[in-house]
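Colleague: Provided below: entry_35.tsv, containing TSV, C-alpha atoms and all ligand atoms.
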```tsv
chain	number	residue	atom	x	y	z
W	1	MET	CA	36.12	-109.71	-6.31
W	2	SER	CA	35.46	-108.79	-2.67
W	3	PRO	CA	32.46	-110.06	-0.70
W	4	ASP	CA	29.32	-108.09	-1.37
W	5	ILE	CA	28.05	-107.69	2.20
W	6	ARG	CA	24.57	-106.13	2.24
W	7	GLY	CA	23.37	-107.35	5.61
W	8	PHE	CA	24.48	-108.15	9.14
W	9	ILE	CA	22.77	-110.73	11.30
W	10	PHE	CA	23.54	-110.19	14.96
W	11	ASP	CA	23.09	-112.82	17.62
W	12	LEU	CA	21.75	-111.22	20.81
W	13	ASP	CA	22.90	-112.95	24.00
W	14	GLY	CA	26.65	-112.39	24.40
W	15	VAL	CA	26.92	-110.21	21.26
W	16	LEU	CA	24.74	-107.12	21.71
W	17	THR	CA	24.40	-107.48	25.48
W	18	ASP	CA	25.75	-109.66	28.23
W	19	THR	CA	22.59	-111.70	28.85
W	20	ALA	CA	24.71	-114.85	28.33
W	21	GLU	CA	25.71	-114.33	31.97
W	22	TYR	CA	22.06	-114.14	33.09
W	23	HIS	CA	21.25	-117.36	31.22
W	24	TYR	CA	24.18	-118.99	33.01
W	25	LEU	CA	23.08	-117.76	36.45
W	26	ALA	CA	19.49	-118.91	35.87
W	27	TRP	CA	20.61	-122.40	34.82
W	28	HIS	CA	22.96	-122.50	37.78
W	29	LYS	CA	20.14	-121.75	40.21
W	30	LEU	CA	17.99	-124.47	38.69
W	31	ALA	CA	20.86	-126.98	38.66
W	32	ASP	CA	21.59	-126.26	42.35
W	33	GLU	CA	17.94	-126.78	43.27
W	34	GLU	CA	17.89	-130.07	41.39
W	35	GLU	CA	21.33	-131.09	42.69
W	36	LEU	CA	22.64	-131.38	39.15
W	37	PRO	CA	26.33	-130.67	38.49
W	38	PHE	CA	26.84	-127.44	36.56
W	39	ASN	CA	29.59	-124.86	36.28
W	40	ARG	CA	30.99	-122.22	33.91
W	41	GLU	CA	32.88	-124.80	31.94
W	42	ALA	CA	29.73	-126.86	31.33
W	43	ASN	CA	27.94	-123.64	30.44
W	44	GLU	CA	30.28	-123.02	27.48
W	45	ALA	CA	28.51	-125.84	25.62
W	46	LEU	CA	25.16	-124.09	26.16
W	47	ARG	CA	25.97	-120.78	24.44
W	48	GLY	CA	23.50	-120.22	21.63
W	49	VAL	CA	21.75	-123.50	22.40
W	50	SER	CA	17.94	-123.56	22.75
W	51	ARG	CA	16.24	-123.75	26.14
W	52	ARG	CA	15.24	-127.40	25.74
W	53	GLU	CA	18.60	-128.56	24.39
W	54	SER	CA	20.33	-126.70	27.22
W	55	LEU	CA	18.24	-128.47	29.83
W	56	LEU	CA	18.79	-131.86	28.19
W	57	HIS	CA	22.51	-131.18	28.29
W	58	ILE	CA	22.36	-130.37	32.01
W	59	VAL	CA	20.25	-133.40	33.01
W	60	GLY	CA	22.46	-135.74	30.97
W	61	ASP	CA	21.29	-139.34	31.20
W	62	ARG	CA	19.07	-138.80	34.25
W	63	GLN	CA	15.45	-139.71	33.54
W	64	TYR	CA	12.69	-137.08	33.78
W	65	SER	CA	9.11	-137.04	32.49
W	66	GLU	CA	8.14	-134.48	29.85
W	67	ALA	CA	6.12	-132.66	32.54
W	68	GLN	CA	9.18	-132.42	34.79
W	69	LEU	CA	11.35	-131.14	31.94
W	70	GLN	CA	8.69	-128.57	31.07
W	71	GLU	CA	8.48	-127.41	34.69
W	72	MET	CA	12.26	-127.04	34.88
W	73	MET	CA	12.36	-125.05	31.62
W	74	ASP	CA	9.58	-122.79	32.94
W	75	ARG	CA	11.38	-122.32	36.25
W	76	LYS	CA	14.70	-121.45	34.58
W	77	ASN	CA	12.87	-118.98	32.34
W	78	ARG	CA	11.21	-117.34	35.37
W	79	TYR	CA	14.63	-116.82	36.93
W	80	TYR	CA	15.99	-115.48	33.64
W	81	VAL	CA	13.05	-113.12	33.05
W	82	GLU	CA	13.39	-111.77	36.62
W	83	SER	CA	17.08	-111.08	35.99
W	84	ILE	CA	16.50	-109.08	32.78
W	85	GLN	CA	13.89	-106.73	34.26
W	86	ASN	CA	16.32	-103.88	34.75
W	87	ILE	CA	18.11	-104.09	31.41
W	88	SER	CA	18.42	-100.68	29.75
W	89	PRO	CA	20.35	-99.11	26.83
W	90	HIS	CA	23.34	-98.93	29.22
W	91	ASP	CA	23.59	-102.71	28.90
W	92	LEU	CA	24.50	-102.61	25.21
W	93	LEU	CA	28.04	-103.99	24.97
W	94	PRO	CA	30.87	-101.59	24.01
W	95	GLY	CA	31.08	-100.85	20.29
W	96	VAL	CA	27.55	-101.96	19.43
W	97	VAL	CA	25.94	-98.54	18.97
W	98	THR	CA	28.85	-97.22	16.88
W	99	LEU	CA	28.83	-100.24	14.60
W	100	LEU	CA	25.03	-100.16	14.17
W	101	ASP	CA	25.28	-96.47	13.26
W	102	GLU	CA	28.06	-97.08	10.75
W	103	LEU	CA	26.19	-99.95	9.11
W	104	LYS	CA	23.05	-97.86	8.77
W	105	GLN	CA	25.12	-95.07	7.27
W	106	ALA	CA	26.58	-97.55	4.76
W	107	GLY	CA	23.09	-98.74	3.77
W	108	ILE	CA	23.61	-102.20	5.25
W	109	LYS	CA	20.54	-104.01	6.56
W	110	ILE	CA	20.41	-105.38	10.09
W	111	ALA	CA	18.71	-108.52	11.38
W	112	LEU	CA	18.58	-110.12	14.78
W	113	GLY	CA	19.17	-113.89	14.73
W	114	SER	CA	18.63	-115.11	18.28
W	115	ALA	CA	17.63	-118.54	19.60
W	116	SER	CA	15.89	-116.84	22.52
W	117	LYS	CA	12.15	-116.60	23.03
W	118	ASN	CA	12.90	-113.53	25.14
W	119	ALA	CA	14.75	-111.71	22.36
W	120	GLN	CA	11.95	-109.26	21.58
W	121	THR	CA	11.71	-108.18	25.23
W	122	VAL	CA	15.47	-107.76	25.53
W	123	ILE	CA	15.90	-105.60	22.43
W	124	GLU	CA	12.98	-103.42	23.52
W	125	LYS	CA	14.70	-102.88	26.87
W	126	LEU	CA	17.97	-102.16	25.07
W	127	GLY	CA	16.12	-99.54	23.00
W	128	ILE	CA	17.32	-100.83	19.62
W	129	THR	CA	14.12	-102.24	18.12
W	130	ASN	CA	13.88	-99.43	15.57
W	131	ARG	CA	17.46	-100.00	14.38
W	132	ILE	CA	16.68	-103.58	13.33
W	133	ASP	CA	15.10	-104.39	9.96
W	134	ALA	CA	14.15	-108.02	10.72
W	135	ILE	CA	13.84	-109.90	13.98
W	136	THR	CA	14.17	-113.67	14.09
W	137	ASP	CA	14.06	-115.40	17.45
W	138	GLY	CA	13.24	-118.61	19.30
W	139	TYR	CA	9.79	-118.66	17.72
W	140	SER	CA	10.92	-118.27	14.09
W	141	VAL	CA	12.02	-121.76	13.04
W	142	GLN	CA	11.78	-125.34	14.26
W	143	ARG	CA	15.38	-126.52	14.10
W	144	PRO	CA	17.66	-124.60	16.49
W	145	LYS	CA	21.33	-123.66	15.94
W	146	PRO	CA	23.63	-125.34	14.87
W	147	ALA	CA	21.10	-125.89	12.04
W	148	PRO	CA	21.35	-122.93	9.62
W	149	ASP	CA	17.55	-122.42	9.52
W	150	LEU	CA	17.33	-119.33	11.75
W	151	PHE	CA	20.01	-117.41	9.83
W	152	LEU	CA	18.64	-118.49	6.45
W	153	TYR	CA	15.25	-117.24	7.55
W	154	ALA	CA	16.81	-113.95	8.72
W	155	ALA	CA	18.65	-113.46	5.40
W	156	ASN	CA	15.43	-114.17	3.58
W	157	GLN	CA	13.58	-111.61	5.71
W	158	LEU	CA	16.19	-109.05	4.65
W	159	GLY	CA	15.72	-110.08	1.01
W	160	LEU	CA	19.39	-111.15	0.74
W	161	GLU	CA	21.34	-114.21	-0.38
W	162	PRO	CA	23.41	-116.02	2.29
W	163	SER	CA	26.63	-114.91	0.55
W	164	GLN	CA	25.56	-111.26	1.04
W	165	VAL	CA	25.30	-111.47	4.82
W	166	ILE	CA	27.69	-111.74	7.72
W	167	VAL	CA	26.68	-113.29	11.03
W	168	VAL	CA	28.07	-112.01	14.33
W	169	GLU	CA	28.08	-114.72	16.99
W	170	ASP	CA	29.64	-115.57	20.36
W	171	ALA	CA	28.66	-119.25	20.28
W	172	GLU	CA	30.27	-122.25	18.63
W	173	ALA	CA	26.80	-123.51	17.70
W	174	GLY	CA	26.06	-120.12	16.09
W	175	ILE	CA	29.22	-120.07	13.98
W	176	GLU	CA	28.50	-123.62	12.91
W	177	ALA	CA	24.95	-122.62	11.92
W	178	ALA	CA	26.12	-119.63	9.87
W	179	LEU	CA	28.83	-121.64	8.09
W	180	ALA	CA	26.28	-124.37	7.33
W	181	GLY	CA	24.19	-121.62	5.75
W	182	GLN	CA	27.16	-120.52	3.57
W	183	MET	CA	27.37	-117.13	5.26
W	184	TRP	CA	30.31	-115.00	6.31
W	185	THR	CA	31.03	-115.06	10.02
W	186	ILE	CA	32.49	-112.94	12.81
W	187	GLY	CA	33.18	-114.88	16.00
W	188	LEU	CA	33.40	-112.95	19.27
W	189	GLY	CA	35.38	-114.61	22.03
W	190	PRO	CA	38.24	-117.06	22.45
W	191	PRO	CA	39.43	-118.96	19.35
W	192	ALA	CA	38.78	-122.21	21.23
W	193	ARG	CA	35.09	-121.29	21.01
W	194	VAL	CA	34.65	-119.31	17.80
W	195	GLY	CA	37.87	-120.10	15.93
W	196	ALA	CA	35.97	-121.54	12.96
W	197	ALA	CA	34.70	-118.03	12.06
W	198	HIS	CA	36.15	-116.07	9.12
W	199	ILE	CA	37.05	-113.20	11.47
W	200	VAL	CA	37.68	-113.73	15.19
W	201	LEU	CA	37.60	-110.77	17.59
W	202	PRO	CA	37.53	-110.50	21.38
W	203	SER	CA	34.45	-108.24	21.28
W	204	LEU	CA	32.86	-105.44	19.20
W	205	ALA	CA	34.66	-102.73	21.22
W	206	GLY	CA	36.47	-100.39	18.82
W	207	VAL	CA	35.32	-102.38	15.78
W	208	HIS	CA	34.46	-100.34	12.68
W	209	TRP	CA	32.76	-101.34	9.45
W	210	THR	CA	35.68	-100.09	7.32
W	211	ASP	CA	38.12	-102.37	9.23
W	212	LEU	CA	35.81	-105.35	8.90
W	213	ARG	CA	35.42	-104.72	5.18
W	214	ALA	CA	39.20	-104.56	4.78
W	215	LYS	CA	39.60	-107.84	6.68
W	216	LEU	CA	36.95	-109.51	4.55
W	217	ASN	CA	38.69	-108.38	1.38
W	218	GLU	CA	42.00	-109.88	2.51
W	219	LEU	CA	40.30	-113.06	3.56
W	220	ARG	CA	38.54	-113.40	0.26
W	221	ILE	CA	41.87	-113.62	-1.57
W	222	GLY	CA	43.08	-116.42	0.74
W	223	ASP	CA	39.67	-118.04	0.58
W	224	LYS	CA	39.80	-118.22	-3.22
W	225	GLU	CA	43.27	-119.77	-3.12
W	226	ASP	CA	42.18	-122.35	-0.57
W	227	LYS	CA	38.69	-123.16	-1.66
W	228	GLY	CA	38.43	-122.46	-5.38
W	229	ASP	CA	35.48	-120.33	-6.39
W	230	LYS	CA	33.40	-120.54	-3.15
W	231	GLY	CA	30.80	-117.77	-3.06
W	232	GLU	CA	31.57	-116.40	-6.54
W	301	LIG	C1	20.39	-118.09	23.22
W	301	LIG	C2	21.28	-118.18	24.44
W	301	LIG	O1	20.52	-116.83	22.65
W	301	LIG	O2	19.04	-118.30	23.58
W	301	LIG	C3	21.06	-119.50	25.17
W	301	LIG	O3	22.64	-118.08	24.03
W	301	LIG	C4	19.59	-119.67	25.47
W	301	LIG	O4	21.81	-119.47	26.36
W	301	LIG	C5	18.77	-119.57	24.18
W	301	LIG	O5	19.36	-120.95	26.05
W	301	LIG	C6	17.27	-119.70	24.43
W	301	LIG	O6	16.84	-118.62	25.21
W	301	LIG	P1	15.42	-118.53	25.89
W	301	LIG	O7	15.34	-117.09	26.37
W	301	LIG	O8	14.39	-118.82	24.84
W	301	LIG	O9	15.38	-119.52	26.99
W	302	MG	MG	24.97	-115.75	21.89
```
If you took the structure in this file and wrote it as structure tokens, what would it be?
Modeller:
Amino acid sequence: MSPDIRGFIFDLDGVLTDTAEYHYLAWHKLADEEELPFNREANEALRGVSRRESLLHIVGDRQYSEAQLQEMMDRKNRYYVESIQNISPHDLLPGVVTLLDELKQAGIKIALGSASKNAQTVIEKLGITNRIDAITDGYSVQRPKPAPDLFLYAANQLGLEPSQVIVVEDAEAGIEAALAGQMWTIGLGPPARVGAAHIVLPSLAGVHWTDLRAKLNELRIGDKEDKGDKGE
């Protein structure tokens, strides 16, 4: 039997729009001001990671008071919020609108599963709020990705079982979270980052629901051979 996908949970930053770059630039500015080492390579570990965990990663074993950490998180967020002011529907990544349209046409529900506390603002600016059936963001659960909590909450909001949803993510932490939640996964980006996903694609450009469904069907056969009756 093929997977019975009834819902998609989309990550936001780096999946629907390229705000991953703005997060990087905002952290970079803060790191420069604090004379903390930070570069694109270090940033890879921060994809999908919450604001606090990201900062803790950047400061490493240097000692800061809670007040100092809070001030740095606030400062980074100010830089980030400034940088997203001019986001518009033009900033939706290639393939997103087509896929959202096809999924709606197929009667598949859509949720947003983002770690960001700015997610609501960003999707409003992108003009896609009314295409999304459930929004879960940085305020929705306590434990951040790679814990499965956010995606489980999103599936629940859609009224679906984890095995009925597929998560689209650009972050290693996000794929890990979705797999921990026993969900199907599409990883966007290099295999070194998202290779654990069921389907790995460079981006959503040119991606259609019928192709994804066909890939899932193939994968299910291999999956049954490898892993017994998982998801039956
Ligand atoms: C994730 C981003 O979506 O949200 C991370 O991939 C970011 O880079 C996290 O740190 C939290 O975002 P925010 O907007 O709440 O600081
Ligand atoms: Mg992301």
Colleague: Within 10 Å of ligand MG 302 (chain W), counting only C-alpha atoms and all ligand atoms, which protein or nucleic acid residues do you find, written as a compact mmCIF listing (two decimals) with C-alpha atoms, in the frame of the given file?
Modeller:
```
# COMPACT_ATOMS: atom_id res chain seq x y z
CA PHE W 10 23.54 -110.19 14.96
CA ASP W 11 23.09 -112.82 17.62
CA LEU W 12 21.75 -111.22 20.81
CA ASP W 13 22.90 -112.95 24.00
CA GLY W 14 26.65 -112.39 24.40
CA VAL W 15 26.92 -110.21 21.26
CA LEU W 16 24.74 -107.12 21.71
CA THR W 17 24.40 -107.48 25.48
CA ASP W 18 25.75 -109.66 28.23
CA THR W 19 22.59 -111.70 28.85
CA ALA W 20 24.71 -114.85 28.33
CA LEU W 46 25.16 -124.09 26.16
CA ARG W 47 25.97 -120.78 24.44
CA GLY W 48 23.50 -120.22 21.63
CA VAL W 49 21.75 -123.50 22.40
CA GLY W 113 19.17 -113.89 14.73
CA SER W 114 18.63 -115.11 18.28
CA ALA W 115 17.63 -118.54 19.60
CA SER W 116 15.89 -116.84 22.52
CA VAL W 168 28.07 -112.01 14.33
CA GLU W 169 28.08 -114.72 16.99
CA ASP W 170 29.64 -115.57 20.36
CA ALA W 171 28.66 -119.25 20.28
CA GLU W 172 30.27 -122.25 18.63
CA ALA W 173 26.80 -123.51 17.70
CA GLY W 174 26.06 -120.12 16.09
CA ILE W 175 29.22 -120.07 13.98
CA LEU W 188 33.40 -112.95 19.27
```
Colleague: Using the file's own x, y and z axes, so that the box edges lie along x, y and z, what centre and edge lengths in Å (one decimal) does a box around every listed atom of region 115-131 of chain W get when 8 Å is added on each side? Give it as JSON.
Modeller:
```
{"center_x": 14.8, "center_y": -109.0, "center_z": 20.6, "size_x": 22.3, "size_y": 35.1, "size_z": 28.5}
```
Colleague: Which residue out of W:Ala26, W:Ala119, W:Ala31, W:Ile5 has the minimum interatomic distance to ligand LIG 301 (chain W) when all atoms listed in the file are used?
Modeller: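 Once distances to ligand LIG 301 (chain W) are computed over all atoms listed in the file, the minimum belongs to W:Ala119.
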Colleague: Can you work out the spacing between CA of Ser140 (chain W) and CA of Ile110 (chain W) in Å, to one decimal?
Modeller: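 Going from CA of Ser140 (chain W) over to CA of Ile110 (chain W), I get 16.5 Å.
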Colleague: Within 10 Å of region 66-82 of chain W, counting only C-alpha atoms, which residues qualify if same-chain residues fewer than 6 places away don't, as a compact mmCIF listing (two decimals) with C-alpha atoms, in the coordinates of the input?
Modeller:
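Saved result, part-v2.txt, follows:
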```txt
# COMPACT_ATOMS: atom_id res chain seq x y z
CA THR W 19 22.59 -111.70 28.85
CA GLU W 21 25.71 -114.33 31.97
CA TYR W 22 22.06 -114.14 33.09
CA HIS W 23 21.25 -117.36 31.22
CA TYR W 24 24.18 -118.99 33.01
CA LEU W 25 23.08 -117.76 36.45
CA ALA W 26 19.49 -118.91 35.87
CA TRP W 27 20.61 -122.40 34.82
CA HIS W 28 22.96 -122.50 37.78
CA LYS W 29 20.14 -121.75 40.21
CA LEU W 30 17.99 -124.47 38.69
CA ALA W 31 20.86 -126.98 38.66
CA GLU W 34 17.89 -130.07 41.39
CA ARG W 51 16.24 -123.75 26.14
CA ARG W 52 15.24 -127.40 25.74
CA SER W 54 20.33 -126.70 27.22
CA LEU W 55 18.24 -128.47 29.83
CA LEU W 56 18.79 -131.86 28.19
CA VAL W 59 20.25 -133.40 33.01
CA LYS W 117 12.15 -116.60 23.03
CA ASN W 118 12.90 -113.53 25.14
CA THR W 121 11.71 -108.18 25.23
CA VAL W 122 15.47 -107.76 25.53
```
Colleague: Restricting the calculation to all atoms listed in the file, which member of W:Glu41, W:Asp91, W:Asp137, W:Glu161 is positioned closest to ligand LIG 301 (chain W)?
Modeller: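 When distances to ligand LIG 301 (chain W) are compared using all atoms listed in the file, the smallest one comes from W:Asp137.
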Colleague: How far is it from CA of His198 (chain W) to CA of Ala214 (chain W), in Å with one decimal?
Modeller: 12.7 Å
Colleague: Have a look at W:Leu152, W:Ile135, W:Leu204, W:Leu160 and name the one nearest to Ala178 (chain W); count only C-alpha atoms.
Modeller: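 Among the listed residues, W:Leu152 lies closest to Ala178 (chain W).
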Colleague: Between W:Pro144, W:Gly189, W:Pro3, W:Gly95, which is the closest to ligand LIG 301 (chain W) once you count all atoms listed in the file?
Modeller: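 When distances to ligand LIG 301 (chain W) are compared using all atoms listed in the file, the smallest one comes from W:Pro144.
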Colleague: Ranking W:Glu53, W:Asp149, W:Glu33, W:Glu218 by minimum distance to ligand LIG 301 (chain W) and counting only C-alpha atoms and all ligand atoms, which one comes first?
Modeller: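 Of W:Glu53, W:Asp149, W:Glu33, W:Glu218, the one nearest ligand LIG 301 (chain W) is W:Glu53, counting only C-alpha atoms and all ligand atoms.
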Colleague: Missing atoms in region 47-58 of chain W should be modelled up to all heavy atoms and reported as a compact mmCIF listing (two decimals), in the coordinates of the input.
Modeller:
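And here's part_8.txt as it stands now:
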```txt
# COMPACT_ATOMS: atom_id res chain seq x y z
N ARG W 47 26.08 -122.06 25.16
CA ARG W 47 25.97 -120.78 24.44
C ARG W 47 25.24 -120.98 23.13
O ARG W 47 25.63 -121.84 22.34
CB ARG W 47 27.35 -120.22 24.13
CG ARG W 47 27.90 -119.37 25.22
CD ARG W 47 29.25 -118.84 24.85
NE ARG W 47 29.89 -118.33 26.03
CZ ARG W 47 29.84 -117.05 26.41
NH1 ARG W 47 29.23 -116.15 25.69
NH2 ARG W 47 30.42 -116.66 27.52
N GLY W 48 24.21 -120.17 22.91
CA GLY W 48 23.50 -120.22 21.63
C GLY W 48 22.57 -121.41 21.48
O GLY W 48 21.86 -121.53 20.50
N VAL W 49 22.55 -122.27 22.48
CA VAL W 49 21.75 -123.50 22.40
C VAL W 49 20.35 -123.23 22.97
O VAL W 49 20.20 -122.50 23.95
CB VAL W 49 22.50 -124.62 23.19
CG1 VAL W 49 21.65 -125.86 23.33
CG2 VAL W 49 23.83 -124.93 22.51
N SER W 50 19.34 -123.83 22.35
CA SER W 50 17.94 -123.56 22.75
C SER W 50 17.68 -123.97 24.20
O SER W 50 18.45 -124.74 24.79
CB SER W 50 16.98 -124.32 21.83
OG SER W 50 17.05 -125.70 22.13
N ARG W 51 16.57 -123.49 24.74
CA ARG W 51 16.24 -123.75 26.14
C ARG W 51 16.14 -125.26 26.41
O ARG W 51 16.71 -125.78 27.35
CB ARG W 51 14.92 -123.06 26.50
CG ARG W 51 14.67 -122.93 27.98
CD ARG W 51 13.35 -122.26 28.27
NE ARG W 51 13.20 -120.97 27.60
CZ ARG W 51 12.07 -120.29 27.51
NH1 ARG W 51 10.97 -120.76 28.09
NH2 ARG W 51 12.01 -119.13 26.88
N ARG W 52 15.42 -125.96 25.53
CA ARG W 52 15.24 -127.40 25.74
C ARG W 52 16.57 -128.16 25.62
O ARG W 52 16.89 -128.99 26.46
CB ARG W 52 14.22 -127.95 24.72
CG ARG W 52 14.08 -129.48 24.75
CD ARG W 52 12.99 -129.94 23.84
NE ARG W 52 11.68 -129.60 24.37
CZ ARG W 52 10.98 -130.39 25.19
NH1 ARG W 52 11.44 -131.56 25.54
NH2 ARG W 52 9.80 -130.01 25.64
N GLU W 53 17.32 -127.86 24.58
CA GLU W 53 18.60 -128.56 24.39
C GLU W 53 19.54 -128.27 25.55
O GLU W 53 20.31 -129.14 25.96
CB GLU W 53 19.25 -128.14 23.06
CG GLU W 53 18.57 -128.66 21.82
CD GLU W 53 18.50 -130.19 21.78
OE1 GLU W 53 19.49 -130.84 22.16
OE2 GLU W 53 17.45 -130.73 21.39
N SER W 54 19.48 -127.05 26.07
CA SER W 54 20.33 -126.70 27.22
C SER W 54 19.97 -127.56 28.42
O SER W 54 20.85 -128.12 29.09
CB SER W 54 20.15 -125.22 27.59
OG SER W 54 20.56 -124.39 26.54
N LEU W 55 18.68 -127.67 28.69
CA LEU W 55 18.24 -128.47 29.83
C LEU W 55 18.65 -129.94 29.65
O LEU W 55 19.15 -130.58 30.59
CB LEU W 55 16.72 -128.35 30.04
CG LEU W 55 16.18 -129.21 31.19
CD1 LEU W 55 16.79 -128.79 32.53
CD2 LEU W 55 14.66 -129.13 31.26
N LEU W 56 18.44 -130.46 28.44
CA LEU W 56 18.79 -131.86 28.19
C LEU W 56 20.28 -132.09 28.42
O LEU W 56 20.69 -133.13 28.93
CB LEU W 56 18.38 -132.28 26.77
CG LEU W 56 16.86 -132.30 26.52
CD1 LEU W 56 16.56 -132.68 25.08
CD2 LEU W 56 16.15 -133.26 27.48
N HIS W 57 21.07 -131.10 28.08
CA HIS W 57 22.51 -131.18 28.29
C HIS W 57 22.81 -131.24 29.79
O HIS W 57 23.65 -132.03 30.23
CB HIS W 57 23.15 -129.92 27.67
CG HIS W 57 24.53 -130.15 27.20
ND1 HIS W 57 25.61 -130.14 28.04
CD2 HIS W 57 25.01 -130.41 25.96
CE1 HIS W 57 26.70 -130.38 27.34
NE2 HIS W 57 26.37 -130.54 26.07
N ILE W 58 22.11 -130.42 30.57
CA ILE W 58 22.36 -130.37 32.01
C ILE W 58 21.90 -131.65 32.71
O ILE W 58 22.60 -132.17 33.58
CB ILE W 58 21.68 -129.12 32.64
CG1 ILE W 58 22.36 -127.84 32.13
CG2 ILE W 58 21.73 -129.17 34.16
CD1 ILE W 58 21.64 -126.56 32.48
```
